[in-house]
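So this one's start.pdb, PDB, C-alpha atoms and all ligand atoms:
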MODEL        1
ATOM      1  CA  MET H   1      23.175   1.538  -9.784
ATOM      2  CA  HIS H   2      22.367   1.005  -6.113
ATOM      3  CA  TRP H   3      19.483   0.861  -3.629
ATOM      4  CA  GLN H   4      19.794   3.096  -0.611
ATOM      5  CA  THR H   5      18.146   1.528   2.409
ATOM      6  CA  ARG H   6      18.236   2.433   6.042
ATOM      7  CA  ARG H   7      21.445   0.732   7.245
ATOM      8  CA  PHE H   8      22.775  -0.528   3.925
ATOM      9  CA  ARG H   9      23.610   0.820   0.504
ATOM     10  CA  ILE H  10      22.999  -2.151  -1.775
ATOM     11  CA  ASP H  11      25.206  -2.251  -4.848
ATOM     12  CA  LEU H  12      23.061  -3.501  -7.742
ATOM     13  CA  ASP H  13      25.858  -3.968 -10.252
ATOM     14  CA  ARG H  14      25.186  -7.638  -9.716
ATOM     15  CA  PRO H  15      21.727  -9.113  -9.134
ATOM     16  CA  ARG H  16      20.621  -9.558  -5.524
ATOM     17  CA  VAL H  17      18.576 -12.292  -3.906
ATOM     18  CA  MET H  18      15.768 -11.369  -1.520
ATOM     19  CA  GLY H  19      14.785 -14.396   0.565
ATOM     20  CA  ILE H  20      11.107 -14.738   1.481
ATOM     21  CA  VAL H  21      10.146 -15.267   5.121
ATOM     22  CA  ASN H  22       6.410 -15.812   5.425
ATOM     23  CA  VAL H  23       5.345 -15.804   9.085
ATOM     24  CA  THR H  24       1.883 -16.973   8.048
ATOM     25  CA  PRO H  25      -0.300 -20.055   8.309
ATOM     26  CA  ASP H  26      -1.754 -19.579   4.816
ATOM     27  CA  SER H  27       0.812 -18.401   2.232
ATOM     28  CA  PHE H  28       0.304 -19.990  -1.173
ATOM     29  CA  SER H  29       3.470 -22.072  -1.293
ATOM     30  CA  ASP H  30       4.859 -22.328   2.227
ATOM     31  CA  GLY H  31       1.969 -21.397   4.497
ATOM     32  CA  GLY H  32       2.386 -22.786   7.994
ATOM     33  CA  GLN H  33       6.026 -23.795   7.555
ATOM     34  CA  HIS H  34       7.379 -20.814   9.509
ATOM     35  CA  ALA H  35       4.234 -19.567  11.218
ATOM     36  CA  GLU H  36       5.806 -19.589  14.674
ATOM     37  CA  ALA H  37       8.431 -17.005  15.531
ATOM     38  CA  ALA H  38      11.132 -19.535  16.453
ATOM     39  CA  GLY H  39      10.732 -21.389  13.157
ATOM     40  CA  ALA H  40      10.723 -18.153  11.192
ATOM     41  CA  ILE H  41      13.883 -16.921  12.929
ATOM     42  CA  ALA H  42      15.646 -20.210  12.149
ATOM     43  CA  HIS H  43      14.486 -19.831   8.550
ATOM     44  CA  CYS H  44      15.968 -16.300   8.391
ATOM     45  CA  LYS H  45      19.334 -17.657   9.549
ATOM     46  CA  ARG H  46      19.236 -20.459   7.042
ATOM     47  CA  LEU H  47      18.457 -18.102   4.163
ATOM     48  CA  VAL H  48      21.357 -15.841   5.123
ATOM     49  CA  ASP H  49      23.674 -18.880   5.269
ATOM     50  CA  GLU H  50      22.441 -19.841   1.818
ATOM     51  CA  GLY H  51      23.449 -16.442   0.474
ATOM     52  CA  ALA H  52      20.374 -14.215   0.721
ATOM     53  CA  ASP H  53      21.345 -10.549   0.293
ATOM     54  CA  ILE H  54      18.071  -9.252   1.755
ATOM     55  CA  LEU H  55      15.326 -10.849   3.904
ATOM     56  CA  ASP H  56      11.678  -9.993   3.216
ATOM     57  CA  ILE H  57       9.531 -10.678   6.291
ATOM     58  CA  GLY H  58       5.753 -10.765   5.947
ATOM     59  CA  GLY H  59       2.901 -11.625   8.321
ATOM     60  CA  GLU H  60      -0.100 -11.559   5.987
ATOM     61  CA  SER H  61      -0.567 -13.697   2.885
ATOM     62  CA  THR H  62      -1.523 -11.920  -0.361
ATOM     63  CA  ARG H  63      -2.907 -15.005  -2.045
ATOM     64  CA  PRO H  64      -6.515 -14.812  -3.245
ATOM     65  CA  GLY H  65      -8.839 -15.587  -0.361
ATOM     66  CA  ALA H  66      -6.193 -15.187   2.357
ATOM     67  CA  ALA H  67      -7.280 -14.047   5.799
ATOM     68  CA  VAL H  68      -7.200 -10.267   6.284
ATOM     69  CA  LEU H  69      -5.484  -9.339   9.540
ATOM     70  CA  ASP H  70      -5.734  -6.292  11.732
ATOM     71  CA  ASP H  71      -2.626  -4.225  12.486
ATOM     72  CA  GLU H  72      -2.100  -5.793  15.894
ATOM     73  CA  GLU H  73      -2.201  -9.393  14.696
ATOM     74  CA  GLU H  74       0.101  -8.763  11.726
ATOM     75  CA  TRP H  75       2.592  -6.947  13.934
ATOM     76  CA  ARG H  76       2.388  -9.638  16.632
ATOM     77  CA  ARG H  77       3.443 -12.250  14.073
ATOM     78  CA  ILE H  78       6.426 -10.423  12.637
ATOM     79  CA  ALA H  79       7.768  -8.337  15.553
ATOM     80  CA  PRO H  80       9.882 -11.067  17.223
ATOM     81  CA  VAL H  81      11.230 -12.197  13.872
ATOM     82  CA  ILE H  82      12.274  -8.660  12.909
ATOM     83  CA  GLN H  83      13.819  -8.127  16.322
ATOM     84  CA  ASP H  84      16.011 -11.190  15.979
ATOM     85  CA  ALA H  85      16.819 -10.843  12.283
ATOM     86  CA  LEU H  86      18.133  -7.297  12.788
ATOM     87  CA  SER H  87      21.405  -8.777  14.003
ATOM     88  CA  LEU H  88      21.966 -11.010  10.971
ATOM     89  CA  GLY H  89      23.927  -8.390   9.045
ATOM     90  CA  VAL H  90      21.698  -8.186   5.971
ATOM     91  CA  PRO H  91      19.088  -5.586   5.024
ATOM     92  CA  LEU H  92      15.618  -6.431   6.346
ATOM     93  CA  SER H  93      12.480  -5.681   4.392
ATOM     94  CA  VAL H  94       8.950  -5.756   5.784
ATOM     95  CA  ASP H  95       6.278  -7.014   3.372
ATOM     96  CA  THR H  96       3.169  -5.066   4.351
ATOM     97  CA  CYS H  97       0.624  -2.634   2.983
ATOM     98  CA  LYS H  98      -0.536  -1.416   6.397
ATOM     99  CA  PRO H  99       0.768   2.020   7.413
ATOM    100  CA  GLU H 100       0.743   1.206  11.127
ATOM    101  CA  VAL H 101       2.783  -1.959  10.567
ATOM    102  CA  MET H 102       5.238   0.010   8.404
ATOM    103  CA  ARG H 103       5.570   2.618  11.146
ATOM    104  CA  ARG H 104       6.291   0.044  13.840
ATOM    105  CA  ALA H 105       8.680  -1.907  11.632
ATOM    106  CA  LEU H 106      10.647   1.235  10.761
ATOM    107  CA  GLU H 107      10.725   2.201  14.420
ATOM    108  CA  ALA H 108      12.076  -1.279  15.205
ATOM    109  CA  GLY H 109      14.846  -0.744  12.651
ATOM    110  CA  VAL H 110      13.904  -2.422   9.345
ATOM    111  CA  ASP H 111      15.691  -1.147   6.266
ATOM    112  CA  ILE H 112      13.052  -1.470   3.549
ATOM    113  CA  VAL H 113       9.266  -1.376   3.136
ATOM    114  CA  ASN H 114       7.952  -3.738   0.441
ATOM    115  CA  ASP H 115       4.357  -2.766  -0.336
ATOM    116  CA  VAL H 116       2.228  -4.692  -2.839
ATOM    117  CA  GLN H 117      -0.119  -1.659  -2.774
ATOM    118  CA  ALA H 118       2.708   0.777  -3.643
ATOM    119  CA  LEU H 119       2.063   3.013  -0.582
ATOM    120  CA  ARG H 120      -1.525   3.773  -1.638
ATOM    121  CA  ARG H 121      -3.136   3.214   1.766
ATOM    122  CA  PRO H 122      -3.827   6.552   3.490
ATOM    123  CA  GLY H 123      -0.806   7.559   5.557
ATOM    124  CA  ALA H 124       1.660   5.065   4.056
ATOM    125  CA  LEU H 125       3.482   7.518   1.824
ATOM    126  CA  GLU H 126       3.812  10.032   4.656
ATOM    127  CA  ILE H 127       5.441   7.417   6.878
ATOM    128  CA  LEU H 128       8.121   6.725   4.284
ATOM    129  CA  ALA H 129       8.538  10.412   3.512
ATOM    130  CA  ALA H 130       9.086  11.165   7.198
ATOM    131  CA  HIS H 131      11.922   8.637   7.298
ATOM    132  CA  ASP H 132      15.261   9.880   6.031
ATOM    133  CA  SER H 133      16.637   6.747   4.416
ATOM    134  CA  ALA H 134      14.442   3.614   4.368
ATOM    135  CA  GLY H 135      14.254   1.876   0.997
ATOM    136  CA  VAL H 136      10.911   1.118  -0.613
ATOM    137  CA  CYS H 137       9.615  -1.344  -3.198
ATOM    138  CA  LEU H 138       6.519  -0.197  -5.107
ATOM    139  CA  MET H 139       4.555  -3.045  -6.701
ATOM    140  CA  HIS H 140       1.774  -2.913  -9.276
ATOM    141  CA  MET H 141      -1.551  -4.548  -8.577
ATOM    142  CA  ARG H 142      -5.244  -3.788  -9.028
ATOM    143  CA  GLY H 143      -7.826  -4.192  -6.296
ATOM    144  CA  ASP H 144      -6.810  -6.364  -3.385
ATOM    145  CA  PRO H 145      -6.175 -10.090  -3.003
ATOM    146  CA  SER H 146      -9.904 -10.819  -2.756
ATOM    147  CA  THR H 147     -10.809  -8.957  -5.985
ATOM    148  CA  MET H 148      -7.657  -8.984  -8.125
ATOM    149  CA  GLN H 149      -8.396 -12.134 -10.083
ATOM    150  CA  GLY H 150     -11.413 -10.452 -11.686
ATOM    151  CA  LEU H 151      -9.441  -7.325 -12.616
ATOM    152  CA  THR H 152      -7.333  -8.512 -15.531
ATOM    153  CA  ASP H 153      -8.704  -6.519 -18.499
ATOM    154  CA  TYR H 154      -5.891  -4.450 -19.984
ATOM    155  CA  ALA H 155      -5.589  -2.779 -23.400
ATOM    156  CA  ASP H 156      -1.785  -2.993 -23.048
ATOM    157  CA  VAL H 157      -0.682  -4.556 -19.767
ATOM    158  CA  VAL H 158       2.931  -3.406 -20.057
ATOM    159  CA  ALA H 159       1.967   0.191 -20.808
ATOM    160  CA  GLU H 160      -0.470   0.258 -17.912
ATOM    161  CA  VAL H 161       1.934  -1.264 -15.393
ATOM    162  CA  ALA H 162       4.663   1.150 -16.538
ATOM    163  CA  GLN H 163       2.341   4.120 -16.259
ATOM    164  CA  PHE H 164       1.194   3.126 -12.777
ATOM    165  CA  LEU H 165       4.712   2.529 -11.471
ATOM    166  CA  GLY H 166       5.997   5.746 -13.063
ATOM    167  CA  GLU H 167       3.207   7.756 -11.447
ATOM    168  CA  ARG H 168       3.715   6.197  -8.027
ATOM    169  CA  ALA H 169       7.463   6.807  -8.159
ATOM    170  CA  ALA H 170       6.796  10.429  -9.159
ATOM    171  CA  ARG H 171       4.436  10.829  -6.164
ATOM    172  CA  LEU H 172       7.174   9.590  -3.847
ATOM    173  CA  ARG H 173       9.711  11.949  -5.388
ATOM    174  CA  GLU H 174       7.318  14.887  -4.906
ATOM    175  CA  ALA H 175       7.004  13.867  -1.257
ATOM    176  CA  GLY H 176      10.784  14.165  -0.927
ATOM    177  CA  ILE H 177      11.779  10.489  -1.166
ATOM    178  CA  ALA H 178      15.065  10.254  -3.084
ATOM    179  CA  ALA H 179      15.127   8.198  -6.293
ATOM    180  CA  GLU H 180      17.964   6.028  -4.902
ATOM    181  CA  ARG H 181      15.559   4.715  -2.224
ATOM    182  CA  ILE H 182      12.976   3.432  -4.735
ATOM    183  CA  VAL H 183      12.702   0.150  -6.644
ATOM    184  CA  LEU H 184       9.762  -0.979  -8.800
ATOM    185  CA  ASP H 185       8.056  -4.342  -9.261
ATOM    186  CA  PRO H 186       5.541  -5.365 -11.993
ATOM    187  CA  GLY H 187       3.710  -7.586  -9.492
ATOM    188  CA  TYR H 188       3.729 -10.985 -11.189
ATOM    189  CA  GLY H 189       0.491 -12.816 -10.485
ATOM    190  CA  PHE H 190      -1.303  -9.803  -9.001
ATOM    191  CA  ALA H 191      -4.370  -8.967 -11.130
ATOM    192  CA  LYS H 192      -2.681 -10.544 -14.154
ATOM    193  CA  GLN H 193      -3.317 -13.687 -16.152
ATOM    194  CA  SER H 194      -0.459 -15.966 -17.127
ATOM    195  CA  GLU H 195      -0.078 -14.575 -20.640
ATOM    196  CA  GLN H 196       0.017 -11.048 -19.226
ATOM    197  CA  ASN H 197       2.748 -12.033 -16.763
ATOM    198  CA  LEU H 198       4.767 -13.546 -19.603
ATOM    199  CA  GLN H 199       4.283 -10.451 -21.745
ATOM    200  CA  LEU H 200       5.637  -8.339 -18.903
ATOM    201  CA  LEU H 201       8.705 -10.577 -18.771
ATOM    202  CA  ARG H 202       9.210 -10.452 -22.540
ATOM    203  CA  GLU H 203       8.906  -6.673 -22.612
ATOM    204  CA  GLN H 204      10.660  -5.941 -19.348
ATOM    205  CA  GLU H 205      12.836  -3.269 -20.947
ATOM    206  CA  ARG H 206       9.747  -1.043 -21.167
ATOM    207  CA  LEU H 207       9.652  -1.056 -17.354
ATOM    208  CA  LEU H 208      13.397  -0.491 -17.046
ATOM    209  CA  ALA H 209      12.953   2.626 -19.154
ATOM    210  CA  LEU H 210      11.381   4.250 -16.067
ATOM    211  CA  GLY H 211      14.941   4.493 -14.726
ATOM    212  CA  TYR H 212      14.528   2.607 -11.425
ATOM    213  CA  PRO H 213      15.910  -0.821 -10.458
ATOM    214  CA  LEU H 214      13.448  -3.656 -10.966
ATOM    215  CA  LEU H 215      12.556  -6.287  -8.352
ATOM    216  CA  VAL H 216      10.688  -9.370  -9.550
ATOM    217  CA  GLY H 217       8.799 -12.123  -7.743
ATOM    218  CA  TRP H 218       8.393 -15.162  -9.991
ATOM    219  CA  SER H 219       9.070 -17.710  -7.289
ATOM    220  CA  ARG H 220       6.671 -20.715  -7.480
ATOM    221  CA  LYS H 221       3.899 -18.592  -9.014
ATOM    222  CA  LYS H 222       0.913 -20.024 -10.859
ATOM    223  CA  THR H 223       2.059 -18.875 -14.297
ATOM    224  CA  LEU H 224       5.015 -21.251 -13.914
ATOM    225  CA  GLY H 225       2.547 -24.022 -13.115
ATOM    226  CA  ASP H 226       0.559 -23.146 -16.227
ATOM    227  CA  VAL H 227       3.698 -23.347 -18.388
ATOM    228  CA  THR H 228       5.105 -26.560 -16.872
ATOM    229  CA  GLY H 229       2.026 -28.349 -15.565
ATOM    230  CA  LYS H 230       3.756 -28.653 -12.173
ATOM    231  CA  PRO H 231       2.141 -28.140  -8.749
ATOM    232  CA  VAL H 232       3.483 -25.470  -6.451
ATOM    233  CA  ASP H 233       5.945 -27.751  -4.632
ATOM    234  CA  GLN H 234       7.642 -28.712  -7.906
ATOM    235  CA  ARG H 235       8.186 -25.282  -9.397
ATOM    236  CA  MET H 236      11.750 -24.611  -8.313
ATOM    237  CA  PRO H 237      13.432 -25.276 -11.683
ATOM    238  CA  ALA H 238      10.784 -23.158 -13.418
ATOM    239  CA  SER H 239      11.325 -20.394 -10.857
ATOM    240  CA  ILE H 240      15.074 -20.432 -11.526
ATOM    241  CA  ALA H 241      14.517 -20.206 -15.282
ATOM    242  CA  ALA H 242      12.186 -17.231 -14.867
ATOM    243  CA  ALA H 243      14.635 -15.573 -12.471
ATOM    244  CA  LEU H 244      17.551 -15.931 -14.888
ATOM    245  CA  LEU H 245      15.477 -14.632 -17.783
ATOM    246  CA  ALA H 246      14.477 -11.655 -15.666
ATOM    247  CA  VAL H 247      18.064 -10.799 -14.653
ATOM    248  CA  SER H 248      19.382 -11.245 -18.156
ATOM    249  CA  ARG H 249      16.750  -8.709 -19.183
ATOM    250  CA  GLY H 250      17.885  -6.269 -16.528
ATOM    251  CA  ALA H 251      16.035  -7.102 -13.291
ATOM    252  CA  ARG H 252      18.281  -6.473 -10.264
ATOM    253  CA  ILE H 253      16.522  -8.053  -7.282
ATOM    254  CA  LEU H 254      14.940 -11.523  -7.211
ATOM    255  CA  ARG H 255      12.358 -12.232  -4.510
ATOM    256  CA  VAL H 256      12.592 -16.004  -3.989
ATOM    257  CA  HIS H 257      11.746 -18.887  -1.677
ATOM    258  CA  ASP H 258      14.612 -21.134  -2.853
ATOM    259  CA  VAL H 259      17.638 -19.027  -1.984
ATOM    260  CA  ALA H 260      20.435 -21.631  -2.258
ATOM    261  CA  ALA H 261      19.360 -22.787  -5.707
ATOM    262  CA  THR H 262      18.889 -19.228  -6.968
ATOM    263  CA  VAL H 263      22.307 -18.153  -5.655
ATOM    264  CA  ASP H 264      23.952 -21.102  -7.463
ATOM    265  CA  ALA H 265      22.117 -20.302 -10.684
ATOM    266  CA  LEU H 266      23.187 -16.665 -10.475
ATOM    267  CA  LYS H 267      26.804 -17.642  -9.829
ATOM    268  CA  VAL H 268      26.895 -19.688 -13.009
ATOM    269  CA  TRP H 269      25.065 -17.009 -14.987
ATOM    270  CA  HIS H 270      27.497 -14.408 -13.700
ATOM    271  CA  ALA H 271      30.624 -16.561 -14.183
ATOM    272  CA  GLY H 272      29.632 -17.131 -17.773
ATOM    273  CA  ASP H 273      29.194 -13.435 -18.206
ATOM    274  CA  GLY H 274      32.832 -12.400 -17.819
ATOM    275  CA  PRO H 275      36.167 -12.975 -16.064
ATOM    276  CA  GLY H 276      36.617 -12.142 -12.407
ATOM    277  CA  ALA H 277      32.930 -12.554 -11.886
ATOM    278  CA  LEU H 278      32.954 -15.173  -9.142
ATOM    279  CA  PHE H 279      31.387 -14.165  -5.896
ATOM    280  CA  ALA H 280      30.963 -16.124  -2.732
ATOM    281  CA  ASP H 281      29.678 -13.615  -0.228
ATOM    282  CA  ASN H 282      27.413 -10.628  -0.075
ATOM    283  CA  SER H 283      30.175  -8.119  -0.762
ATOM    284  CA  GLY H 284      28.899  -4.916  -2.236
ATOM    285  CA  ILE H 285      26.338  -4.346   0.475
ATOM    286  CA  LYS H 286      27.779  -1.531   2.508
ATOM    287  CA  ASN H 287      26.650  -0.473   5.897
ATOM    288  CA  SER H 288      25.716   3.163   5.506
ATOM    289  CA  GLY H 289      26.570   3.755   9.155
ATOM    290  CA  GLY H 290      25.148   6.291  11.489
ATOM    291  CA  ARG H 291      21.797   6.596   9.792
ATOM    292  CA  SER H 292      19.699   4.499  12.089
ATOM    293  CA  GLN H 293      17.374   6.320  14.396
TER     294      GLN H 293
HETATM  295  N1  LIG V   1       4.614 -11.697  -4.177
HETATM  296  C1  LIG V   1       4.062 -12.142  -3.045
HETATM  297  C2  LIG V   1       4.122 -11.361  -1.875
HETATM  298  N2  LIG V   1       4.792 -10.191  -1.854
HETATM  299  N3  LIG V   1       6.090  -8.554  -2.973
HETATM  300  C3  LIG V   1       6.672  -8.108  -4.097
HETATM  301  N4  LIG V   1       7.357  -6.951  -4.090
HETATM  302  N5  LIG V   1       6.607  -8.816  -5.272
HETATM  303  C4  LIG V   1       5.943 -10.004  -5.368
HETATM  304  O1  LIG V   1       5.887 -10.599  -6.476
HETATM  305  C5  LIG V   1       5.300 -10.503  -4.187
HETATM  306  C6  LIG V   1       5.384  -9.735  -2.989
HETATM  307  C7  LIG V   1       3.375 -13.466  -3.026
HETATM  308  O2  LIG V   1       4.270 -14.500  -2.702
HETATM  309  P1  LIG V   1       4.434 -15.148  -1.244
HETATM  310  O3  LIG V   1       4.913 -14.123  -0.261
HETATM  311  O4  LIG V   1       5.258 -16.356  -1.319
HETATM  312  O5  LIG V   1       2.974 -15.643  -0.888
HETATM  313  P2  LIG V   1       1.869 -15.099   0.100
HETATM  314  O6  LIG V   1       1.513 -13.709  -0.320
HETATM  315  O7  LIG V   1       0.741 -16.086  -0.077
HETATM  316  O8  LIG V   1       2.454 -15.100   1.482
ENDMDL
END
What is this structure when it is put down as structure tokens?
Ligand code: HH2
Amino acid sequence: MHWQTRRFRIDLDRPRVMGIVNVTPDSFSDGGQHAEAAGAIAHCKRLVDEGADILDIGGESTRPGAAVLDDEEEWRRIAPVIQDALSLGVPLSVDTCKPEVMRRALEAGVDIVNDVQALRRPGALEILAAHDSAGVCLMHMRGDPSTMQGLTDYADVVAEVAQFLGERAARLREAGIAAERIVLDPGYGFAKQSEQNLQLLREQERLLALGYPLLVGWSRKKTLGDVTGKPVDQRMPASIAAALLAVSRGARILRVHDVAATVDALKVWHAGDGPGALFADNSGIKNSGGRSQ
């Protein structure tokens, strides 16, 4: 199993760590910490040193009540960070649901589009379809960050998330986007209550049955606070536990804030899984070569 992205073919035989870079003043767990370009670029370098396989750069928070930005402002925040991070030697993902921001980011050279709206905004799908190799992450949510908390009535949350993701992936395939470019994400915390998030984790194999790699974002989320009683700045151990549960149930990409700790946890998980399993670098991510445009 692999994920084809613009410059890199990411081998998913072992789980991969996607480090979060929020260039925002208002993200739920690290808002304001890397809001300036210089700080965000330093953060990118640190995450790569800590073992991140992929960097996910976002300029707009998705937390309930976050400020909604226009295209220009979102792009202004992330452009210098993308520009600099392109030389770090790891795949770069842009976390956006805005078609114009996707277009500019792809033009600048990013490898992956991570869209919490699963390319549903008018024009988004066409932008990815027009590109010959960029990877894409399709996430499930209902509504938008301002309405999602009131949209949590499901007859069977796992069935509905699976159906949505299956349909979106099929739409992309019809538009000519190869299956190897697509990964799916249940969208933990997006229009879901804690018990629904946990049910999705327990029954993750129903999502894997769709046949695409799964990316999961448990890092520091509220459900972990509900389980442990811990505030957001003390949820790292809980995040690691959720991440390991997710990979042992087949998830392949972990979207995390705490890269070093997650990499260590994965090393131990992997070493205990079989001989010859030690890994110290990001081997297995191959430069596809010659595909950039
Ligand atoms: N979660 C967040 C943002 N983007 N993308 C994917 N694919 N999956 C997720 O679970 C996901 C996501 C929210 O986390 P964070 O980026 O830390 O916060 P904020 O949106 O407040 O910046």
**OP:** Pull out every residue that the PyMOL selection byres (((chain H and resi 257-266) around 6) and not hetatm) matches in the shown coordinates and put them as a VMD selection string.
**Re:** chain H and resid 19 to 20 50 256 267 to 270
Original post:
Do you know which residues the PyMOL selection byres (((chain H and resi 221-235) around 10) and not hetatm) returns on this file, as a list of chain:residue names?
Top reply: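 This file, filtered by the PyMOL selection byres (((chain H and resi 221-235) around 10) and not hetatm), leaves H:Phe28, H:Ser29, H:Asp30, H:Tyr188, H:Gly189, H:Lys192, H:Gln193, H:Ser194, H:Glu195, H:Gln196, H:Asn197, H:Leu198, H:Gly217, H:Trp218, H:Ser219, H:Arg220, H:Met236, H:Pro237, H:Ala238, H:Ser239, H:Ile240, H:Ala241, H:Ala242.
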Which protein, DNA or RNA residues have an atom within 9 Å of ligand LIG 1 (chain V), counting only C-alpha atoms and all ligand atoms, as a PDB file with C-alpha atoms, in the frame of the given file?
ATOM      1  CA  ILE H  20      11.107 -14.738   1.481  1.00  0.00           C
ATOM      2  CA  VAL H  21      10.146 -15.267   5.121  1.00  0.00           C
ATOM      3  CA  ASN H  22       6.410 -15.812   5.425  1.00  0.00           C
ATOM      4  CA  VAL H  23       5.345 -15.804   9.085  1.00  0.00           C
ATOM      5  CA  THR H  24       1.883 -16.973   8.048  1.00  0.00           C
ATOM      6  CA  PRO H  25      -0.300 -20.055   8.309  1.00  0.00           C
ATOM      7  CA  ASP H  26      -1.754 -19.579   4.816  1.00  0.00           C
ATOM      8  CA  SER H  27       0.812 -18.401   2.232  1.00  0.00           C
ATOM      9  CA  PHE H  28       0.304 -19.990  -1.173  1.00  0.00           C
ATOM     10  CA  SER H  29       3.470 -22.072  -1.293  1.00  0.00           C
ATOM     11  CA  ASP H  30       4.859 -22.328   2.227  1.00  0.00           C
ATOM     12  CA  GLY H  31       1.969 -21.397   4.497  1.00  0.00           C
ATOM     13  CA  ASP H  56      11.678  -9.993   3.216  1.00  0.00           C
ATOM     14  CA  ILE H  57       9.531 -10.678   6.291  1.00  0.00           C
ATOM     15  CA  GLY H  58       5.753 -10.765   5.947  1.00  0.00           C
ATOM     16  CA  GLY H  59       2.901 -11.625   8.321  1.00  0.00           C
ATOM     17  CA  GLU H  60      -0.100 -11.559   5.987  1.00  0.00           C
ATOM     18  CA  SER H  61      -0.567 -13.697   2.885  1.00  0.00           C
ATOM     19  CA  THR H  62      -1.523 -11.920  -0.361  1.00  0.00           C
ATOM     20  CA  ARG H  63      -2.907 -15.005  -2.045  1.00  0.00           C
ATOM     21  CA  PRO H  64      -6.515 -14.812  -3.245  1.00  0.00           C
ATOM     22  CA  ALA H  66      -6.193 -15.187   2.357  1.00  0.00           C
ATOM     23  CA  ASP H  95       6.278  -7.014   3.372  1.00  0.00           C
ATOM     24  CA  THR H  96       3.169  -5.066   4.351  1.00  0.00           C
ATOM     25  CA  ASN H 114       7.952  -3.738   0.441  1.00  0.00           C
ATOM     26  CA  ASP H 115       4.357  -2.766  -0.336  1.00  0.00           C
ATOM     27  CA  VAL H 116       2.228  -4.692  -2.839  1.00  0.00           C
ATOM     28  CA  CYS H 137       9.615  -1.344  -3.198  1.00  0.00           C
ATOM     29  CA  LEU H 138       6.519  -0.197  -5.107  1.00  0.00           C
ATOM     30  CA  MET H 139       4.555  -3.045  -6.701  1.00  0.00           C
ATOM     31  CA  HIS H 140       1.774  -2.913  -9.276  1.00  0.00           C
ATOM     32  CA  PRO H 145      -6.175 -10.090  -3.003  1.00  0.00           C
ATOM     33  CA  LEU H 184       9.762  -0.979  -8.800  1.00  0.00           C
ATOM     34  CA  ASP H 185       8.056  -4.342  -9.261  1.00  0.00           C
ATOM     35  CA  PRO H 186       5.541  -5.365 -11.993  1.00  0.00           C
ATOM     36  CA  GLY H 187       3.710  -7.586  -9.492  1.00  0.00           C
ATOM     37  CA  TYR H 188       3.729 -10.985 -11.189  1.00  0.00           C
ATOM     38  CA  GLY H 189       0.491 -12.816 -10.485  1.00  0.00           C
ATOM     39  CA  PHE H 190      -1.303  -9.803  -9.001  1.00  0.00           C
ATOM     40  CA  LEU H 215      12.556  -6.287  -8.352  1.00  0.00           C
ATOM     41  CA  VAL H 216      10.688  -9.370  -9.550  1.00  0.00           C
ATOM     42  CA  GLY H 217       8.799 -12.123  -7.743  1.00  0.00           C
ATOM     43  CA  TRP H 218       8.393 -15.162  -9.991  1.00  0.00           C
ATOM     44  CA  SER H 219       9.070 -17.710  -7.289  1.00  0.00           C
ATOM     45  CA  ARG H 220       6.671 -20.715  -7.480  1.00  0.00           C
ATOM     46  CA  LYS H 221       3.899 -18.592  -9.014  1.00  0.00           C
ATOM     47  CA  LEU H 254      14.940 -11.523  -7.211  1.00  0.00           C
ATOM     48  CA  ARG H 255      12.358 -12.232  -4.510  1.00  0.00           C
ATOM     49  CA  VAL H 256      12.592 -16.004  -3.989  1.00  0.00           C
ATOM     50  CA  HIS H 257      11.746 -18.887  -1.677  1.00  0.00           C
TER      51      HIS H 257
END
**OP:** Kindly give the distance, in Å, that separates CA of His131 in chain H and CA of Arg6 in chain H, rounded to a single decimal.
**Re:** 8.9 Å
Can you pull out the residues contacting Gln4 in chain H? Cut-off 12 Å, using all atoms listed in the file, and skip same-chain residues under 2 positions away; I want them as a short mmCIF file (atom, residue, chain, number, x, y, z; two decimals) with C-alpha atoms, in the coordinates of the input.
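File result_9.cif, as written:
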data_model
loop_
_atom_site.label_atom_id
_atom_site.label_comp_id
_atom_site.auth_asym_id
_atom_site.auth_seq_id
_atom_site.Cartn_x
_atom_site.Cartn_y
_atom_site.Cartn_z
CA MET H 1 23.18 1.54 -9.78
CA HIS H 2 22.37 1.00 -6.11
CA ARG H 6 18.24 2.43 6.04
CA ARG H 7 21.44 0.73 7.24
CA PHE H 8 22.78 -0.53 3.92
CA ARG H 9 23.61 0.82 0.50
CA ILE H 10 23.00 -2.15 -1.78
CA ASP H 11 25.21 -2.25 -4.85
CA LEU H 12 23.06 -3.50 -7.74
CA PRO H 91 19.09 -5.59 5.02
CA ASP H 111 15.69 -1.15 6.27
CA ILE H 112 13.05 -1.47 3.55
CA ASP H 132 15.26 9.88 6.03
CA SER H 133 16.64 6.75 4.42
CA ALA H 134 14.44 3.61 4.37
CA GLY H 135 14.25 1.88 1.00
CA VAL H 136 10.91 1.12 -0.61
CA CYS H 137 9.62 -1.34 -3.20
CA ILE H 177 11.78 10.49 -1.17
CA ALA H 178 15.06 10.25 -3.08
CA ALA H 179 15.13 8.20 -6.29
CA GLU H 180 17.96 6.03 -4.90
CA ARG H 181 15.56 4.72 -2.22
CA ILE H 182 12.98 3.43 -4.74
CA VAL H 183 12.70 0.15 -6.64
CA PRO H 213 15.91 -0.82 -10.46
CA ILE H 285 26.34 -4.35 0.48
CA LYS H 286 27.78 -1.53 2.51
CA ASN H 287 26.65 -0.47 5.90
CA SER H 288 25.72 3.16 5.51
CA GLY H 289 26.57 3.76 9.15
CA ARG H 291 21.80 6.60 9.79
#
Subject >> Point-to-point distance in Å for CA of His34 in chain H and CA of Val81 in chain H >> reply: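 If I compute the distance from CA of Val81 in chain H to CA of His34 in chain H, I get 10.4 Å.
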